[in-house]
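*Asks:* Pasting a structure below so you can have a look.
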Amino acid sequence: MELKGLRFAMHNLGCKVNSYEAEAMSEAILKEGATLVPFHEEADIYLINTCSVTNIADRKSRQMIHQAKERNPDALVIATGCYVEGKKEELKEDKGIDILIGNSGKGKIVELIISYRKAMLENDRRIEEYLPPVKEEGEYENLFLSKPLDRSRAFVKIQDGCNQFCSYCIIPYVRGRIRSRKIEDCLTEIERLGQEGISEIVLTGIHLSSYGLDFQNLSYEYANKIAESGEALLSLIERVGEIPSIKRIRLGSLEPRVITESFISRLKAVEEICPHFHLSLQSGAAKTLKEMNRHYTKEEFKEAVDCIRRAFPLAAITTDVIVGFPGETEADFQESKNFISEVGFYDMHIFKYSRRKGTRADEMKEQITEKVKKERSKILLDLALTDSEKFREQFIGKTTEVLIEEIRELEGKSYYTGFNKEYIRFYIPAQKNNSIYESTSLPETASITENSFLRKEGVREKDKQGRVEIGQIYPVLTIKAMEESLLGEFLSE
């Protein structure tokens, strides 16, 4: 308990992989006796897990680092992650940082904190750093998570690195080549999370579709040609599906080329799988896709979506799109917009192209102005809102299973809230008074009447008092659409 009595605060930026790593590092620190406090409060140790996917992410990373030192000039400030990896030489001179940790050293965080604190006692204040080169090859660095901050869902990182080298992307340079976690290590962690009451596991990685290829020394392109690209990932998913305590398996971002009839057929056989697929498009224009070095055509992308929908008719398909890529003409943008409209996504993350030094796209001519990027982003954001609303409306009048995560108060009324398998947020009134739901406080439980519909393995039975438990799954009838969510009610006879 080397850190007993110290206040610890953490701020994470970026992707699901970052979220997992931030929680795993936080758990290691808390196990040494530190006490978790909100990041906006004064702490003795601040951890900022940074992101560098865009210039905005870089700026936010810098801001959070400096905010920490401003809150407590005597605090130990630790910066980790992709921004640190990409700007390591610059950050070594930053007086607001005490410890720098790259993407290959996060497992050493407690060791580095203890070493630094000992040096401080000797008045040797300096920047402690652990910045080995990003891994071109070699073993996956294991982090472990047993008690996530979320009581119902946990990210589990199973893969790191990327070999794709999209022309706009800095990530292969700050994350290194693909490295996969051993299946047994993944299963051990997931079983432990299930024992802690976690119902839903989200399998995540920097390039999830490459999982396991390094075990066989296969390239992604070659594996696709011999229909092996998703084999190891499928095997892991099937094994996770055999763990009794895990009721849902959600997948991180998938490469469209991994989606085949065989892949989807095996996924569908896993009852716990969530029909929520994030396929990163980036552009619906043929020329732009090629310039981005995305390795697939828009026709191949559409076939992947159709393949999913043949097996899961109400599947939620989500994506990422970049606007204003160098050389994107008005005709290219319209082609992309039309294709996006044709596919009909449940949700889209729209990014204005951000120049990243060291990438091929940074050196391309015909860079697009910020004004044009902003205009195109607004057009796609409006389309995304319309398509998302259309998708949610398909569930009105239907029953679905909702994993209850917390109680929220909206306009003075209390609601249970959580997500169904398609990752639609539901609000369910916590108390019922005839046809009008009223609540003036935040009750820990709410009564629901007995019903048998949708009662199957993994769907929670109420206790004898009919109470709802956070972190459990319940059948819900969808009543109406709300802003970016749905209103439901627990089923009754």
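Convention: chains lettered A, B, ... in structure tokens order; per-chain residue numbering from 1; ligands numbered from 1 as shown.
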Got a sec: who's within 9 Å of Gly358 (chain A), counting only C-alpha atoms, leaving out chain neighbours fewer than 4 positions off, as a PyMOL selection string?
*Replies:* chain A and resi 170+173+362-363
*Asks:* Report as a PyMOL selection string all protein, DNA and RNA residues lying within 10 Å of Lys337 (chain A), evaluated on only C-alpha atoms, omitting residues in the same chain fewer than 5 positions from it.
*Replies:* chain A and resi 283-285+321+323+331-332+342+376+379-380+383
*Asks:* Kindly export the residues of the current selection with N, CA and C atoms, as an mmCIF file, in the first residue's frame.
*Replies:*
data_model
loop_
_atom_site.group_PDB
_atom_site.id
_atom_site.type_symbol
_atom_site.label_atom_id
_atom_site.label_comp_id
_atom_site.auth_asym_id
_atom_site.auth_seq_id
_atom_site.Cartn_x
_atom_site.Cartn_y
_atom_site.Cartn_z
ATOM 1 N N SER A 283 -15.050 7.421 -46.106
ATOM 2 C CA SER A 283 -15.578 8.167 -47.261
ATOM 3 C C SER A 283 -16.391 7.229 -48.135
ATOM 4 N N GLY A 284 -17.440 7.797 -48.727
ATOM 5 C CA GLY A 284 -18.245 7.031 -49.672
ATOM 6 C C GLY A 284 -17.903 7.355 -51.113
ATOM 7 N N ALA A 285 -16.793 8.051 -51.340
ATOM 8 C CA ALA A 285 -16.353 8.398 -52.698
ATOM 9 C C ALA A 285 -15.205 7.481 -53.095
ATOM 10 N N VAL A 321 -16.716 8.959 -40.507
ATOM 11 C CA VAL A 321 -16.568 9.597 -41.823
ATOM 12 C C VAL A 321 -15.674 10.828 -41.674
ATOM 13 N N VAL A 323 -14.533 14.342 -43.506
ATOM 14 C CA VAL A 323 -14.862 15.304 -44.561
ATOM 15 C C VAL A 323 -13.652 16.211 -44.778
ATOM 16 N N ALA A 331 -17.960 17.276 -56.025
ATOM 17 C CA ALA A 331 -18.550 16.053 -56.604
ATOM 18 C C ALA A 331 -18.203 14.835 -55.747
ATOM 19 N N ASP A 332 -16.975 14.784 -55.242
ATOM 20 C CA ASP A 332 -16.578 13.674 -54.368
ATOM 21 C C ASP A 332 -17.426 13.674 -53.099
ATOM 22 N N GLU A 342 -27.577 6.093 -48.790
ATOM 23 C CA GLU A 342 -28.016 4.785 -49.289
ATOM 24 C C GLU A 342 -27.847 3.698 -48.224
ATOM 25 N N ARG A 376 -19.301 20.969 -44.889
ATOM 26 C CA ARG A 376 -19.572 19.563 -45.216
ATOM 27 C C ARG A 376 -19.884 18.757 -43.955
ATOM 28 N N ILE A 379 -23.529 19.312 -42.983
ATOM 29 C CA ILE A 379 -24.457 18.568 -43.847
ATOM 30 C C ILE A 379 -24.571 17.113 -43.396
ATOM 31 N N LEU A 380 -23.427 16.494 -43.106
ATOM 32 C CA LEU A 380 -23.462 15.088 -42.698
ATOM 33 C C LEU A 380 -23.991 14.915 -41.278
ATOM 34 N N LEU A 383 -27.683 14.861 -41.627
ATOM 35 C CA LEU A 383 -28.105 13.570 -42.174
ATOM 36 C C LEU A 383 -28.028 12.486 -41.106
#
*Asks:* Give me, as a short mmCIF file (atom, residue, chain, number, x, y, z; two decimals) with N, CA, C and O atoms, in the first residue's frame, all polymer residues having an atom no more than 12 Å from Ala22 (chain A), counting only C-alpha atoms and skipping those fewer than 3 positions away in the same chain.
*Replies:*
data_model
loop_
_atom_site.label_atom_id
_atom_site.label_comp_id
_atom_site.auth_asym_id
_atom_site.auth_seq_id
_atom_site.Cartn_x
_atom_site.Cartn_y
_atom_site.Cartn_z
N ALA A 9 -6.62 11.27 -9.27
CA ALA A 9 -7.63 11.67 -10.26
C ALA A 9 -7.15 11.27 -11.64
O ALA A 9 -5.95 11.32 -11.95
N MET A 10 -8.08 10.86 -12.48
CA MET A 10 -7.74 10.38 -13.83
C MET A 10 -8.63 11.04 -14.86
O MET A 10 -9.82 11.23 -14.65
N HIS A 11 -8.04 11.38 -16.01
CA HIS A 11 -8.82 11.86 -17.16
C HIS A 11 -8.36 11.10 -18.40
O HIS A 11 -7.16 11.03 -18.68
N ASN A 12 -9.32 10.55 -19.11
CA ASN A 12 -9.00 9.78 -20.32
C ASN A 12 -9.55 10.48 -21.54
O ASN A 12 -10.66 11.01 -21.54
N LEU A 13 -8.77 10.48 -22.60
CA LEU A 13 -9.21 11.01 -23.90
C LEU A 13 -9.09 9.90 -24.94
O LEU A 13 -8.20 9.06 -24.87
N GLY A 14 -10.03 9.92 -25.91
CA GLY A 14 -9.85 9.02 -27.04
C GLY A 14 -10.71 7.79 -27.07
O GLY A 14 -11.84 7.77 -26.57
N CYS A 15 -10.16 6.73 -27.62
CA CYS A 15 -10.90 5.55 -28.06
C CYS A 15 -11.19 4.57 -26.92
O CYS A 15 -10.78 4.77 -25.78
N LYS A 16 -11.87 3.47 -27.27
CA LYS A 16 -12.21 2.43 -26.30
C LYS A 16 -10.95 1.76 -25.75
O LYS A 16 -10.92 1.36 -24.58
N VAL A 17 -9.94 1.61 -26.58
CA VAL A 17 -8.67 1.05 -26.10
C VAL A 17 -8.10 1.94 -25.01
O VAL A 17 -7.65 1.46 -23.96
N ASN A 18 -8.12 3.24 -25.23
CA ASN A 18 -7.64 4.17 -24.20
C ASN A 18 -8.46 4.05 -22.92
O ASN A 18 -7.92 4.13 -21.81
N SER A 19 -9.77 3.88 -23.07
CA SER A 19 -10.64 3.75 -21.89
C SER A 19 -10.23 2.54 -21.05
O SER A 19 -10.13 2.61 -19.83
N MET A 25 -4.83 1.10 -15.53
CA MET A 25 -3.81 1.84 -14.79
C MET A 25 -4.37 2.39 -13.49
O MET A 25 -3.71 2.35 -12.44
N SER A 26 -5.60 2.91 -13.54
CA SER A 26 -6.23 3.45 -12.34
C SER A 26 -6.41 2.37 -11.29
O SER A 26 -6.15 2.60 -10.09
N GLU A 27 -6.83 1.19 -11.72
CA GLU A 27 -7.01 0.09 -10.76
C GLU A 27 -5.70 -0.26 -10.08
O GLU A 27 -5.66 -0.50 -8.87
N ALA A 28 -4.62 -0.29 -10.85
CA ALA A 28 -3.31 -0.61 -10.26
C ALA A 28 -2.91 0.42 -9.20
O ALA A 28 -2.37 0.06 -8.15
N ILE A 29 -3.20 1.68 -9.47
CA ILE A 29 -2.88 2.75 -8.51
C ILE A 29 -3.75 2.66 -7.27
O ILE A 29 -3.28 2.78 -6.13
N TYR A 46 -2.25 13.01 -10.56
CA TYR A 46 -3.14 13.14 -11.72
C TYR A 46 -2.61 12.27 -12.86
O TYR A 46 -1.41 12.32 -13.17
N LEU A 47 -3.50 11.50 -13.45
CA LEU A 47 -3.16 10.70 -14.63
C LEU A 47 -3.97 11.20 -15.82
O LEU A 47 -5.19 11.25 -15.76
N ILE A 48 -3.29 11.60 -16.89
CA ILE A 48 -3.96 12.01 -18.12
C ILE A 48 -3.54 11.03 -19.21
O ILE A 48 -2.37 10.97 -19.59
N ASN A 49 -4.50 10.22 -19.67
CA ASN A 49 -4.24 9.26 -20.74
C ASN A 49 -4.62 9.94 -22.04
O ASN A 49 -5.80 10.16 -22.33
N THR A 50 -3.63 10.31 -22.84
CA THR A 50 -3.83 11.22 -23.96
C THR A 50 -4.21 10.53 -25.27
O THR A 50 -4.07 9.33 -25.42
N CYS A 51 -4.64 11.35 -26.22
CA CYS A 51 -5.04 10.90 -27.54
C CYS A 51 -4.38 11.82 -28.58
O CYS A 51 -4.11 12.98 -28.30
N ILE A 78 1.06 12.73 -14.35
CA ILE A 78 1.51 11.66 -15.23
C ILE A 78 0.78 11.79 -16.56
O ILE A 78 -0.45 11.85 -16.62
N ALA A 79 1.54 11.84 -17.64
CA ALA A 79 0.96 11.87 -18.99
C ALA A 79 1.34 10.58 -19.70
O ALA A 79 2.50 10.18 -19.73
N THR A 80 0.34 9.92 -20.26
CA THR A 80 0.56 8.66 -20.97
C THR A 80 -0.16 8.71 -22.32
O THR A 80 -0.98 9.59 -22.58
N GLY A 81 0.12 7.76 -23.18
CA GLY A 81 -0.70 7.57 -24.37
C GLY A 81 -0.14 8.10 -25.67
O GLY A 81 1.05 8.44 -25.79
N ASN A 103 3.18 4.22 -25.01
CA ASN A 103 2.16 3.18 -25.18
C ASN A 103 2.67 1.78 -24.90
O ASN A 103 1.88 0.84 -24.81
N LYS A 106 2.66 1.15 -20.05
CA LYS A 106 1.62 1.52 -19.08
C LYS A 106 1.52 0.55 -17.91
O LYS A 106 1.05 0.91 -16.84
N GLY A 107 2.00 -0.66 -18.11
CA GLY A 107 1.98 -1.64 -17.02
C GLY A 107 2.96 -1.32 -15.91
O GLY A 107 2.92 -1.91 -14.83
N ILE A 109 3.25 1.65 -14.45
CA ILE A 109 2.89 2.95 -13.88
C ILE A 109 3.11 3.01 -12.37
O ILE A 109 3.65 4.01 -11.86
N LEU A 143 -2.21 -5.70 -19.64
CA LEU A 143 -2.75 -4.96 -18.51
C LEU A 143 -3.93 -5.78 -18.00
O LEU A 143 -4.52 -6.57 -18.76
N PHE A 144 -4.31 -5.59 -16.76
CA PHE A 144 -5.41 -6.39 -16.22
C PHE A 144 -6.43 -5.49 -15.53
O PHE A 144 -6.07 -4.52 -14.86
N LEU A 145 -7.68 -5.84 -15.71
CA LEU A 145 -8.79 -5.09 -15.11
C LEU A 145 -9.70 -6.09 -14.43
O LEU A 145 -10.12 -7.09 -15.03
N PRO A 148 -14.05 -2.67 -13.10
CA PRO A 148 -14.20 -1.42 -13.86
C PRO A 148 -15.07 -0.43 -13.10
O PRO A 148 -15.86 -0.80 -12.24
N LEU A 149 -14.90 0.85 -13.45
CA LEU A 149 -15.68 1.89 -12.79
C LEU A 149 -17.16 1.76 -13.13
O LEU A 149 -18.03 2.09 -12.33
N PHE A 155 -14.89 -2.70 -21.02
CA PHE A 155 -14.05 -2.86 -22.20
C PHE A 155 -12.94 -3.86 -21.88
O PHE A 155 -12.37 -3.82 -20.79
N VAL A 156 -12.65 -4.71 -22.84
CA VAL A 156 -11.52 -5.63 -22.70
C VAL A 156 -10.66 -5.50 -23.95
O VAL A 156 -11.10 -5.80 -25.06
N LYS A 157 -9.44 -5.04 -23.75
CA LYS A 157 -8.52 -4.86 -24.86
C LYS A 157 -7.87 -6.20 -25.21
O LYS A 157 -7.29 -6.85 -24.35
#
*Asks:* Which residues come within 8 Å of Ile424 (chain A), counting only C-alpha atoms, excluding same-chain residues fewer than 2 positions away, as a ChimeraX atom specification?
*Replies:* /A:392,419-422,426,485-486
*Asks:* When DSSP works through the backbone of this structure, what residues of region 145-327 of chain A end up as alpha helix (DSSP H), shown as a PyMOL selection string?
*Replies:* chain A and resi 171-175+183-195+220-225+231-240+261-268+286-292+298-311
*Asks:* Do you have the CA of Gly102 (chain A)-CA of Met1 (chain A) distance handy?
*Replies:*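 About the pair CA of Gly102 (chain A) and CA of Met1 (chain A): they are 24.8 Å apart.
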*Asks:* Run DSSP on the backbone and tell me which residues of region 302-419 of chain A come out as strand (DSSP E); list them as a PyMOL selection string.
*Replies:* chain A and resi 316-323+347-352+399-410+413-419
*Asks:* Output N, CA, C and O atoms of each residue in that selection to a file, as a CSV table (one decimal), in the first residue's frame.
*Replies:*
chain,number,residue,atom,x,y,z
A,316,ALA,N,-27.8,-2.5,-35.8
A,316,ALA,CA,-27.3,-1.1,-35.7
A,316,ALA,C,-26.0,-1.0,-36.4
A,316,ALA,O,-25.0,-1.7,-36.0
A,317,ILE,N,-25.9,-0.3,-37.5
A,317,ILE,CA,-24.6,-0.1,-38.2
A,317,ILE,C,-24.1,1.3,-38.0
A,317,ILE,O,-24.8,2.3,-38.3
A,318,THR,N,-23.0,1.4,-37.4
A,318,THR,CA,-22.4,2.8,-37.1
A,318,THR,C,-21.1,2.9,-37.8
A,318,THR,O,-20.5,1.9,-38.3
A,319,THR,N,-20.6,4.2,-38.0
A,319,THR,CA,-19.4,4.4,-38.8
A,319,THR,C,-18.7,5.7,-38.4
A,319,THR,O,-19.2,6.5,-37.6
A,320,ASP,N,-17.5,5.8,-39.0
A,320,ASP,CA,-16.8,7.1,-39.0
A,320,ASP,C,-16.6,7.6,-40.4
A,320,ASP,O,-16.5,6.9,-41.3
A,321,VAL,N,-16.7,9.0,-40.5
A,321,VAL,CA,-16.6,9.6,-41.8
A,321,VAL,C,-15.7,10.8,-41.7
A,321,VAL,O,-15.8,11.6,-40.7
A,322,ILE,N,-14.7,11.0,-42.6
A,322,ILE,CA,-13.9,12.2,-42.7
A,322,ILE,C,-14.4,13.1,-43.8
A,322,ILE,O,-14.6,12.6,-44.9
A,323,VAL,N,-14.5,14.3,-43.5
A,323,VAL,CA,-14.9,15.3,-44.6
A,323,VAL,C,-13.7,16.2,-44.8
A,323,VAL,O,-12.9,16.5,-43.9
A,347,ASP,N,-25.7,5.6,-36.5
A,347,ASP,CA,-24.9,6.7,-35.9
A,347,ASP,C,-23.6,6.9,-36.7
A,347,ASP,O,-23.1,5.9,-37.3
A,348,MET,N,-23.2,8.1,-36.8
A,348,MET,CA,-22.0,8.4,-37.5
A,348,MET,C,-21.1,9.4,-36.7
A,348,MET,O,-21.7,10.3,-36.1
A,349,HIS,N,-19.8,9.1,-36.6
A,349,HIS,CA,-18.9,10.1,-36.0
A,349,HIS,C,-18.3,10.8,-37.2
A,349,HIS,O,-17.6,10.2,-38.0
A,350,ILE,N,-18.5,12.1,-37.3
A,350,ILE,CA,-18.1,12.9,-38.4
A,350,ILE,C,-16.8,13.7,-37.9
A,350,ILE,O,-16.8,14.4,-36.9
A,351,PHE,N,-15.7,13.6,-38.7
A,351,PHE,CA,-14.5,14.2,-38.4
A,351,PHE,C,-14.1,15.1,-39.5
A,351,PHE,O,-14.1,14.7,-40.7
A,352,LYS,N,-13.7,16.4,-39.2
A,352,LYS,CA,-13.1,17.2,-40.2
A,352,LYS,C,-11.6,16.8,-40.3
A,352,LYS,O,-10.9,16.6,-39.3
A,399,THR,N,-40.7,-5.0,-28.2
A,399,THR,CA,-40.0,-5.3,-26.9
A,399,THR,C,-38.5,-5.5,-27.2
A,399,THR,O,-38.1,-5.9,-28.2
A,400,THR,N,-37.7,-5.2,-26.2
A,400,THR,CA,-36.3,-5.3,-26.3
A,400,THR,C,-35.7,-5.5,-24.9
A,400,THR,O,-36.4,-5.4,-23.9
A,401,GLU,N,-34.5,-5.9,-24.8
A,401,GLU,CA,-33.8,-6.1,-23.5
A,401,GLU,C,-32.9,-5.0,-23.3
A,401,GLU,O,-32.0,-4.6,-24.1
A,402,VAL,N,-33.0,-4.4,-22.1
A,402,VAL,CA,-32.2,-3.2,-21.7
A,402,VAL,C,-31.3,-3.6,-20.5
A,402,VAL,O,-31.8,-4.1,-19.5
A,403,LEU,N,-30.1,-3.3,-20.6
A,403,LEU,CA,-29.1,-3.4,-19.5
A,403,LEU,C,-29.2,-2.1,-18.7
A,403,LEU,O,-28.8,-1.1,-19.2
A,404,ILE,N,-29.7,-2.2,-17.5
A,404,ILE,CA,-29.9,-1.0,-16.7
A,404,ILE,C,-28.5,-0.6,-16.1
A,404,ILE,O,-27.8,-1.4,-15.4
A,405,GLU,N,-28.2,0.7,-16.3
A,405,GLU,CA,-26.9,1.2,-15.9
A,405,GLU,C,-26.9,2.2,-14.7
A,405,GLU,O,-26.0,2.2,-13.9
A,406,GLU,N,-27.9,3.0,-14.7
A,406,GLU,CA,-28.0,4.0,-13.7
A,406,GLU,C,-29.3,4.7,-13.6
A,406,GLU,O,-30.2,4.3,-14.4
A,407,ILE,N,-29.5,5.5,-12.6
A,407,ILE,CA,-30.7,6.3,-12.5
A,407,ILE,C,-30.4,7.8,-12.8
A,407,ILE,O,-29.4,8.3,-12.3
A,408,ARG,N,-31.2,8.4,-13.7
A,408,ARG,CA,-31.0,9.8,-14.1
A,408,ARG,C,-32.3,10.6,-13.8
A,408,ARG,O,-33.3,10.0,-13.8
A,409,GLU,N,-32.1,11.9,-13.6
A,409,GLU,CA,-33.2,12.7,-13.4
A,409,GLU,C,-33.4,13.6,-14.6
A,409,GLU,O,-32.4,14.3,-15.0
A,410,LEU,N,-34.6,13.7,-15.2
A,410,LEU,CA,-34.9,14.5,-16.3
A,410,LEU,C,-36.1,15.3,-16.0
A,410,LEU,O,-37.2,14.7,-15.7
A,413,LYS,N,-38.1,14.3,-13.0
A,413,LYS,CA,-38.5,12.9,-12.9
A,413,LYS,C,-37.4,11.9,-13.0
A,413,LYS,O,-36.4,12.2,-13.6
A,414,SER,N,-37.5,10.8,-12.3
A,414,SER,CA,-36.4,9.8,-12.2
A,414,SER,C,-36.6,8.7,-13.2
A,414,SER,O,-37.8,8.2,-13.3
A,415,TYR,N,-35.6,8.3,-13.9
A,415,TYR,CA,-35.6,7.3,-14.9
A,415,TYR,C,-34.5,6.3,-14.7
A,415,TYR,O,-33.3,6.7,-14.5
A,416,TYR,N,-34.8,5.0,-14.9
A,416,TYR,CA,-33.7,4.1,-15.1
A,416,TYR,C,-33.3,4.2,-16.5
A,416,TYR,O,-34.1,4.5,-17.4
A,417,THR,N,-32.0,4.1,-16.7
A,417,THR,CA,-31.5,4.3,-18.1
A,417,THR,C,-30.4,3.2,-18.4
A,417,THR,O,-29.7,2.8,-17.5
A,418,GLY,N,-30.4,2.8,-19.6
A,418,GLY,CA,-29.4,1.8,-20.1
A,418,GLY,C,-29.6,1.6,-21.6
A,418,GLY,O,-30.3,2.3,-22.3
A,419,PHE,N,-28.9,0.6,-22.1
A,419,PHE,CA,-28.8,0.4,-23.5
A,419,PHE,C,-29.4,-1.0,-23.9
A,419,PHE,O,-29.1,-2.0,-23.1
